[in-house]
Amino acid sequence: MLVIGALSASGLVAVLAANTASAAVPTFPDNLLVFPNRDFVTVEGYAEHRGETATLEINRPGVGLVGSAQGVISGGDVAFEVNHPGGVCWGNGTGVNVTPDILPGDNVSLRLGGQVVGDTTVQDAFVTEKSSLSGSTLTVKGHIGAGVDPANTEQRIVEPALTATAVGKRDIRAIPGPLTPAPRGAYSSSLEFAGENFTATYVFDDPAVAQIAADAGLGERLLSWQFVDPAGNRQGVTIAERGEPGGPGFGGCPNGPLQSGPPAPNAISAATVSGGVKLTWTPAAAIPGTQPITGYRVTAVAQSVSANGEQVEIGRRIGNPAATGTTITGLSSGETYVFEVVSTSSVGQTFPAVSVSPITDSTPPTVSASLSGGSYPVAQKVSLSANESGSEIYYTTDGTDPVDGAGDVGVTAQLYSGAITITATTTLRYAAFDPSGNVSTVGEQVYTITNKPLPATPTLTDASAGTGSVTLSWSDDDASVTAYEVQVYDAAGATKLGIRTPSPATAKTITITDLTPDVSYRFSVVARNANGDSPESAKSGPLTPLGAVVANAGPDQDVTRRTTATTVSLTGAGSTTAGATYAWTQLATATGAPIAATDPDAVSIVGGATLSPSFSLPLYRYPMTNNPLTFRLAVTVGGTSRTDTVLVTPKADQVFIGTAKWKVGDLRVTGTGTVVGGTVTVHRGSLAGPVLGLAPMTAAAPPATGGVFDLRVRNAAAGATSPGTVWVESSLGGTAGPFTVG
């Protein structure tokens with residue numbers, strides 16, 4: 001049987017929607033910027049995934065997936081864009097070929113390796129009317145939804161002509177609060193709120209400049225964002241641009257939802273039958289947000305061409321969107337036909353049509369049941385499936401045959417349309433008829449239903465190790481349970497070592513005290529009732545009963561680098577104290593060996609023979625790393641020692657190179673950082689390259705946030721030749737590069 005297509009639009013939407021999960025708004029420098037009026041999205045950052053393919057999805061509450069696209073992470077500030085010149089179209093790599101009409105409340109998410117790594121909600125805030133000018137005062141009004149934080153908004157008017165005025169920039173801005181002079185002068189602005197309305201007011205020093213702003217050709221904008229991080233970065237940004245058109249952002253991208261033709265049906269097949277050609281398919285489903293499918297058109301196109309270039313067409317129009325096929329009759333004997341199949345909707349039909357040629361099929365189909373016959377304690381559901389698309393399956397449950405002596409459907413047979421529920425002892429017989437009339441052999445399964453249900457599987461909820469013991473707890477709401485059993489396994493969970501029972505037998509907790517200390521185990525729980533045992537729960541562990549000597553190096557730590565050396569405290573609380581001695585050792589990264597004194601990550605442990613030592617995390621200097629530092633605690637009592645390790649991970653700031661310019665004897669490198677303070681070192685060629693100079697990270701001028709650095713070298717150190725590329729390192733741990741010197 002010839003089958004066209006592999007995954008329908010409905011199937012694709014179902015798969016993608018099923019995988020949709022909630023994530024957090026990205027953290028700087030990663031970000032998602034949504035431009036709902038132009039239906040485009042900018043993905044920023046994710047540089048550590050350079051070269052990987054990511055999937056961007058738009059999901060609408062109560063609707064599901066309305067748009068998706070794949071792009072390759074560039075490794076630069078902008079990872080990739082969707083529906084914007086230089087980016088990719090909606091539908092790229094996903095098959096959801098529609099440009100979504102992005103609306104407030106939509107969820108925009110980014111997937112990498114099947115996992116959602118960041119998402120944002122499109123904010124319900126936008127300008128509602130053209131700006132109004134009265135004298136030197138310009139007013140902009142708009143809407144702000146109840147879920148939008150007014151503090152996280154900014155209104156702008158963009159007009160490049162303003163750069164030639166006293167404004168000196170291509171836009172004017174209003175932030176929440178009363179009328180306040182702009183940093184560069186020329187106007188004052190305010191942004192005030194009343195319920196779900198906002199008003200931005202601009203008062204200009206020069207009426208002529210006010211008129212330029214009022215005539216702005218790029219429209220009024222409202223920026224809103226979900227939160228601001230401690231460094232002042234706006235994360236999860238929506239930029240609503242009044243007057244900007246939606247739909248495809250550049251040539252070749254798919255139409256919007258109100259202009260998109262429907263997808264074709266899936267798994268189309270055509271087979272020669274008596275009197276014509278039978279076509280079957282899986283019904284199509286409209287992409288969410290597009291017009292509903294109203295039916296199908298099937299056209300048989302004769303391949304013979306007349307002298308004047310005409311070809312005969314014979315067809316059917318089907319007004320049922322749930323139809324699964326049709327038979328075309330009236331075809332000429334000896335003529336060859338190709339069949340074209342399209343879905344229809346109020347905006348048109350599938351383009352291009354799906355073409356399929358009929359085949360003569362003499363091979364019987366096969367049919368199988370999802371559940372083998374046997375004895376089952378409760379009612380079961382059985383699904384039947386045939387190997388040939390378009391086959392019809394008939395079945396009986398009364399012991400009769402689904403196929404009569406003439407090879408036709410039996411009198412008592414029923415057409416299979418979904419899973420069959422077996423509630424009592426039943427003989428199920430079934431057979432499939434393919435579109436060409438070939439009949440499968442009759443299959444049979446006998447099911448015995450005892451109606452003696454087994455208990456539900458318990459769920460382990462808590463597991464902890466004590467001195468020479470392990471305590472387990474589980475939850476189970478099955479009132480039929482008469483006893484529980486705990487299965488004890490080795491550390492790998494492969495070998496069963498024995499069974500333990502709680503006391504009383506129905507208790508949902510147990511403390512096991514006969515295990516070997518300092519040996520790891522896994523555990524599962526089985527429930528029992530009068531009918532038998534439940535399946536095992538998932539295994540917990542591994543858990544290790546503590547011995548007479550316990551070493552506990554404390555929880556792992558994340559430590560933020562500061563502008564001065566940072567003191568980090570370790571703790572061995574929970575370790576054995578009576579008669580114990582202690583020894584803390586720093587280990588080389590990813591090894592069990594002590595770190596070399598010459599290793600740049602080596603630190604000096606103060607109080608290394610106590611339970612509470614400390615060390616000083618120095619200011620960063622390459623080749624130091626920001627990898628976790630590993631410390632091992634050894635506890636010794638008599639001749640017995642136990643060890644435990646803890647990881648201390650330095651958290652660095654983030655630095656970025658903005659410009660790097662050179663001419664003979666004059667080098668200037670500028671950039672930004674997330675933390676004010678510390679020192680930036682600029683290197684030639686690599687982090688291991690020669691130092692070109694140092695610069696402090698100072699506070700950025702308002703309204704910007706974070707820090708800035710500016711290194712200017714005007715001497716022989718700048719060299720007679722360009723450095724080519726530069727790298728920078730912050731004394732707080734951040735690095736950036738390579739950056740090409742211009």
# chains A, B, ... in the order shown; residues from 1 in each chain; ligands from 1
$ residues_around --residues "Asp462 (chain A)" --least-positions-apart "4" --cutoff "7 Å" --atoms "only C-alpha atoms" --output "PDB file with N, CA, C and O atoms, in the first residue's frame"
ATOM      1  N   LEU A 472      12.559   4.272  56.225  1.00  0.00           N
ATOM      2  CA  LEU A 472      11.790   4.484  55.004  1.00  0.00           C
ATOM      3  C   LEU A 472      10.346   4.780  55.368  1.00  0.00           C
ATOM      4  O   LEU A 472       9.802   4.224  56.337  1.00  0.00           O
ATOM      5  N   SER A 473       9.701   5.640  54.554  1.00  0.00           N
ATOM      6  CA  SER A 473       8.268   5.910  54.691  1.00  0.00           C
ATOM      7  C   SER A 473       7.649   5.897  53.309  1.00  0.00           C
ATOM      8  O   SER A 473       8.316   6.193  52.306  1.00  0.00           O
ATOM      9  N   TRP A 474       6.362   5.551  53.240  1.00  0.00           N
ATOM     10  CA  TRP A 474       5.676   5.516  51.952  1.00  0.00           C
ATOM     11  C   TRP A 474       4.224   5.927  52.127  1.00  0.00           C
ATOM     12  O   TRP A 474       3.680   5.961  53.243  1.00  0.00           O
TER      13      TRP A 474
END
$ atom_distance --atom1 "CA of Tyr447 (chain A)" --atom2 "CA of Ser372 (chain A)"
8.1 Å
$ residues_around --residues "region 323-329 of chain A" --least-positions-apart "2" --cutoff "10 Å" --atoms "only C-alpha atoms" --output "ChimeraX atom specification"
/A:265-266,268-284,295-300,314-321,331-332,339,390,435
$ write_last_selection --atoms "N, CA, C and O atoms" --output "short mmCIF file (atom, residue, chain, number, x, y, z; two decimals), in the first residue's frame"
data_model
loop_
_atom_site.label_atom_id
_atom_site.label_comp_id
_atom_site.auth_asym_id
_atom_site.auth_seq_id
_atom_site.Cartn_x
_atom_site.Cartn_y
_atom_site.Cartn_z
N PRO A 265 -4.73 16.27 4.76
CA PRO A 265 -4.87 15.09 5.61
C PRO A 265 -3.60 14.26 5.57
O PRO A 265 -2.77 14.42 4.67
N ASN A 266 -3.44 13.39 6.52
CA ASN A 266 -2.21 12.62 6.66
C ASN A 266 -2.43 11.17 6.24
O ASN A 266 -3.56 10.68 6.16
N ILE A 268 -2.21 9.49 3.40
CA ILE A 268 -3.12 9.30 2.26
C ILE A 268 -2.70 8.05 1.48
O ILE A 268 -1.52 7.89 1.16
N SER A 269 -3.66 7.21 1.14
CA SER A 269 -3.38 6.03 0.32
C SER A 269 -4.46 5.88 -0.74
O SER A 269 -5.59 6.36 -0.57
N ALA A 270 -4.11 5.27 -1.84
CA ALA A 270 -5.05 5.04 -2.95
C ALA A 270 -4.86 3.63 -3.46
O ALA A 270 -3.74 3.20 -3.72
N ALA A 271 -5.97 2.90 -3.60
CA ALA A 271 -5.91 1.51 -4.05
C ALA A 271 -7.01 1.26 -5.07
O ALA A 271 -8.14 1.74 -4.94
N THR A 272 -6.66 0.50 -6.10
CA THR A 272 -7.64 0.13 -7.11
C THR A 272 -8.61 -0.90 -6.53
O THR A 272 -8.20 -1.90 -5.94
N VAL A 273 -9.92 -0.61 -6.65
CA VAL A 273 -10.96 -1.51 -6.19
C VAL A 273 -11.95 -1.71 -7.33
O VAL A 273 -11.88 -1.04 -8.37
N SER A 274 -12.87 -2.62 -7.14
CA SER A 274 -13.88 -2.87 -8.16
C SER A 274 -14.70 -1.60 -8.40
O SER A 274 -15.31 -1.05 -7.48
N GLY A 275 -14.69 -1.11 -9.64
CA GLY A 275 -15.49 0.06 -10.00
C GLY A 275 -14.79 1.38 -9.85
O GLY A 275 -15.37 2.42 -10.19
N GLY A 276 -13.56 1.42 -9.34
CA GLY A 276 -12.90 2.71 -9.19
C GLY A 276 -11.64 2.65 -8.37
O GLY A 276 -10.95 1.63 -8.34
N VAL A 277 -11.35 3.75 -7.67
CA VAL A 277 -10.17 3.85 -6.81
C VAL A 277 -10.63 4.35 -5.45
O VAL A 277 -11.34 5.37 -5.35
N LYS A 278 -10.23 3.63 -4.40
CA LYS A 278 -10.59 3.99 -3.04
C LYS A 278 -9.43 4.73 -2.39
O LYS A 278 -8.30 4.24 -2.36
N LEU A 279 -9.71 5.93 -1.87
CA LEU A 279 -8.70 6.73 -1.17
C LEU A 279 -9.05 6.77 0.30
O LEU A 279 -10.23 6.91 0.67
N THR A 280 -8.06 6.64 1.13
CA THR A 280 -8.24 6.74 2.58
C THR A 280 -7.19 7.69 3.14
O THR A 280 -6.13 7.88 2.55
N TRP A 281 -7.49 8.28 4.29
CA TRP A 281 -6.57 9.20 4.95
C TRP A 281 -6.93 9.35 6.42
O TRP A 281 -8.02 8.94 6.86
N THR A 282 -6.02 9.96 7.15
CA THR A 282 -6.30 10.39 8.52
C THR A 282 -6.75 11.85 8.45
O THR A 282 -6.06 12.68 7.85
N PRO A 283 -7.90 12.19 9.04
CA PRO A 283 -8.41 13.57 8.93
C PRO A 283 -7.38 14.60 9.38
O PRO A 283 -6.58 14.35 10.30
N ALA A 284 -7.39 15.73 8.70
CA ALA A 284 -6.48 16.83 9.05
C ALA A 284 -7.02 17.60 10.25
O ALA A 284 -8.21 17.54 10.57
N GLY A 295 -13.69 20.50 5.14
CA GLY A 295 -13.85 19.28 4.35
C GLY A 295 -12.64 19.03 3.47
O GLY A 295 -11.55 19.55 3.73
N TYR A 296 -12.87 18.28 2.36
CA TYR A 296 -11.78 17.87 1.49
C TYR A 296 -12.23 17.90 0.03
O TYR A 296 -13.43 17.87 -0.27
N ARG A 297 -11.25 17.95 -0.84
CA ARG A 297 -11.50 17.79 -2.28
C ARG A 297 -10.53 16.74 -2.80
O ARG A 297 -9.34 16.77 -2.50
N VAL A 298 -11.08 15.80 -3.57
CA VAL A 298 -10.26 14.76 -4.20
C VAL A 298 -10.51 14.83 -5.70
O VAL A 298 -11.66 14.80 -6.15
N THR A 299 -9.44 14.93 -6.47
CA THR A 299 -9.55 15.06 -7.92
C THR A 299 -8.68 14.02 -8.59
O THR A 299 -7.49 13.90 -8.28
N ALA A 300 -9.31 13.25 -9.51
CA ALA A 300 -8.57 12.31 -10.35
C ALA A 300 -8.18 13.04 -11.63
O ALA A 300 -9.06 13.50 -12.38
N ILE A 314 -11.91 14.28 -12.74
CA ILE A 314 -13.11 13.73 -12.11
C ILE A 314 -12.89 13.81 -10.61
O ILE A 314 -11.82 13.42 -10.13
N GLY A 315 -13.87 14.29 -9.87
CA GLY A 315 -13.59 14.45 -8.45
C GLY A 315 -14.78 14.43 -7.54
O GLY A 315 -15.92 14.25 -7.96
N ARG A 316 -14.49 14.62 -6.26
CA ARG A 316 -15.48 14.67 -5.19
C ARG A 316 -15.16 15.84 -4.27
O ARG A 316 -14.01 16.15 -4.00
N ARG A 317 -16.22 16.48 -3.79
CA ARG A 317 -16.11 17.44 -2.70
C ARG A 317 -16.75 16.81 -1.48
O ARG A 317 -17.88 16.34 -1.56
N ILE A 318 -16.04 16.81 -0.36
CA ILE A 318 -16.51 16.16 0.85
C ILE A 318 -16.68 17.23 1.92
O ILE A 318 -15.71 17.90 2.29
N GLY A 319 -17.89 17.40 2.38
CA GLY A 319 -18.18 18.47 3.35
C GLY A 319 -18.09 18.05 4.79
O GLY A 319 -18.62 18.73 5.67
N ASN A 320 -17.41 16.95 5.07
CA ASN A 320 -17.28 16.45 6.44
C ASN A 320 -15.81 16.47 6.85
O ASN A 320 -15.02 15.68 6.35
N PRO A 321 -15.40 17.36 7.77
CA PRO A 321 -13.98 17.43 8.14
C PRO A 321 -13.47 16.18 8.85
O PRO A 321 -12.26 15.98 8.95
N LEU A 331 -14.22 6.31 -13.79
CA LEU A 331 -12.93 6.46 -14.46
C LEU A 331 -12.89 5.65 -15.75
O LEU A 331 -13.53 4.60 -15.86
N SER A 332 -12.16 6.15 -16.72
CA SER A 332 -12.08 5.48 -18.02
C SER A 332 -11.11 4.32 -17.96
O SER A 332 -9.99 4.44 -17.44
N PHE A 339 -4.11 11.23 -8.36
CA PHE A 339 -5.15 11.79 -7.50
C PHE A 339 -4.57 12.90 -6.62
O PHE A 339 -3.52 12.72 -5.98
N GLY A 390 -5.63 2.78 6.14
CA GLY A 390 -6.93 2.73 5.48
C GLY A 390 -7.67 1.43 5.67
O GLY A 390 -8.82 1.30 5.21
N PRO A 435 -8.00 -1.43 1.84
CA PRO A 435 -8.79 -0.70 0.85
C PRO A 435 -9.01 -1.46 -0.46
O PRO A 435 -9.97 -1.17 -1.18
#
$ residues_around --residues "Leu732 (chain A)" --least-positions-apart "5" --cutoff "10 Å" --atoms "only C-alpha atoms" --output "ChimeraX atom specification"
/A:560-565,618-621,626,650-655,675-680
$ write_last_selection --atoms "C-alpha atoms" --output "mmCIF file, in the first residue's frame"
data_model
loop_
_atom_site.group_PDB
_atom_site.id
_atom_site.type_symbol
_atom_site.label_atom_id
_atom_site.label_comp_id
_atom_site.auth_asym_id
_atom_site.auth_seq_id
_atom_site.Cartn_x
_atom_site.Cartn_y
_atom_site.Cartn_z
ATOM 1 C CA THR A 560 29.766 34.932 45.096
ATOM 2 C CA ARG A 561 33.156 36.534 44.431
ATOM 3 C CA ARG A 562 33.419 39.969 46.045
ATOM 4 C CA THR A 563 35.628 42.967 45.473
ATOM 5 C CA THR A 564 37.920 41.816 48.273
ATOM 6 C CA ALA A 565 39.087 38.326 49.184
ATOM 7 C CA PRO A 618 41.104 35.068 46.363
ATOM 8 C CA LEU A 619 40.322 37.597 43.688
ATOM 9 C CA TYR A 620 40.217 36.000 40.275
ATOM 10 C CA ARG A 621 43.329 35.849 38.127
ATOM 11 C CA ASN A 626 35.290 29.216 38.458
ATOM 12 C CA PRO A 650 32.687 30.418 43.006
ATOM 13 C CA LYS A 651 30.001 32.522 41.337
ATOM 14 C CA ALA A 652 31.522 35.093 38.990
ATOM 15 C CA ASP A 653 30.258 38.396 37.696
ATOM 16 C CA GLN A 654 29.680 38.817 33.952
ATOM 17 C CA VAL A 655 31.702 41.140 31.750
ATOM 18 C CA VAL A 675 28.790 44.138 39.293
ATOM 19 C CA VAL A 676 30.311 47.503 40.198
ATOM 20 C CA GLY A 677 33.797 47.259 41.691
ATOM 21 C CA GLY A 678 36.762 45.075 41.022
ATOM 22 C CA THR A 679 39.308 45.420 38.271
ATOM 23 C CA VAL A 680 39.234 44.420 34.600
#
$ select_by_dssp --residues "region 137-229 of chain A" --states "alpha helix (DSSP H)" --output "PyMOL selection string"
chain A and resi 207-214
$ write_last_selection --atoms "N, CA and C atoms" --output "PDB file, in the first residue's frame"
ATOM      1  N   PRO A 207       9.037  74.097  21.465  1.00  0.00           N
ATOM      2  CA  PRO A 207       7.839  73.581  20.792  1.00  0.00           C
ATOM      3  C   PRO A 207       8.151  72.889  19.467  1.00  0.00           C
ATOM      4  N   ALA A 208       9.214  73.318  18.772  1.00  0.00           N
ATOM      5  CA  ALA A 208       9.560  72.694  17.493  1.00  0.00           C
ATOM      6  C   ALA A 208      10.000  71.244  17.695  1.00  0.00           C
ATOM      7  N   VAL A 209      10.727  70.992  18.775  1.00  0.00           N
ATOM      8  CA  VAL A 209      11.142  69.623  19.077  1.00  0.00           C
ATOM      9  C   VAL A 209       9.924  68.785  19.451  1.00  0.00           C
ATOM     10  N   ALA A 210       8.984  69.380  20.171  1.00  0.00           N
ATOM     11  CA  ALA A 210       7.749  68.673  20.519  1.00  0.00           C
ATOM     12  C   ALA A 210       7.008  68.242  19.256  1.00  0.00           C
ATOM     13  N   GLN A 211       6.993  69.098  18.247  1.00  0.00           N
ATOM     14  CA  GLN A 211       6.305  68.762  17.001  1.00  0.00           C
ATOM     15  C   GLN A 211       7.005  67.599  16.284  1.00  0.00           C
ATOM     16  N   ILE A 212       8.329  67.578  16.317  1.00  0.00           N
ATOM     17  CA  ILE A 212       9.066  66.470  15.694  1.00  0.00           C
ATOM     18  C   ILE A 212       8.693  65.150  16.363  1.00  0.00           C
ATOM     19  N   ALA A 213       8.625  65.174  17.694  1.00  0.00           N
ATOM     20  CA  ALA A 213       8.256  63.956  18.414  1.00  0.00           C
ATOM     21  C   ALA A 213       6.825  63.542  18.109  1.00  0.00           C
ATOM     22  N   ALA A 214       5.937  64.500  17.996  1.00  0.00           N
ATOM     23  CA  ALA A 214       4.532  64.194  17.702  1.00  0.00           C
ATOM     24  C   ALA A 214       4.364  63.594  16.316  1.00  0.00           C
TER      25      ALA A 214
END
$ residues_around --residues "Gly76 (chain A)" --least-positions-apart "4" --cutoff "10 Å" --atoms "only C-alpha atoms" --output "list in words"
Glu44, Gly45, Tyr46, Ala47, Glu48, Arg50 and Phe80 of chain A
$ write_last_selection --atoms "C-alpha atoms" --output "mmCIF file, in the first residue's frame"
data_model
loop_
_atom_site.group_PDB
_atom_site.id
_atom_site.type_symbol
_atom_site.label_atom_id
_atom_site.label_comp_id
_atom_site.auth_asym_id
_atom_site.auth_seq_id
_atom_site.Cartn_x
_atom_site.Cartn_y
_atom_site.Cartn_z
ATOM 1 C CA GLU A 44 19.502 36.696 23.355
ATOM 2 C CA GLY A 45 22.506 34.923 24.873
ATOM 3 C CA TYR A 46 22.743 31.124 25.411
ATOM 4 C CA ALA A 47 26.319 31.460 24.107
ATOM 5 C CA GLU A 48 27.358 28.227 25.830
ATOM 6 C CA ARG A 50 26.683 27.910 20.256
ATOM 7 C CA PHE A 80 18.742 34.081 16.704
#
$ atom_distance --atom1 "CA of Gly493 (chain A)" --atom2 "CA of Leu543 (chain A)"
11.2 Å
$ select_by_dssp --residues "region 349-588 of chain A" --states "strand (DSSP E)" --output "ChimeraX atom specification"
/A:349,354-356,367-369,374-376,380-382,384-386,392-396,414-415,420-422,426-433,443-449,459-466,469-475,483-490,496-500,509-512,521-529,532-533,540-543,557-560,566-569,580-587
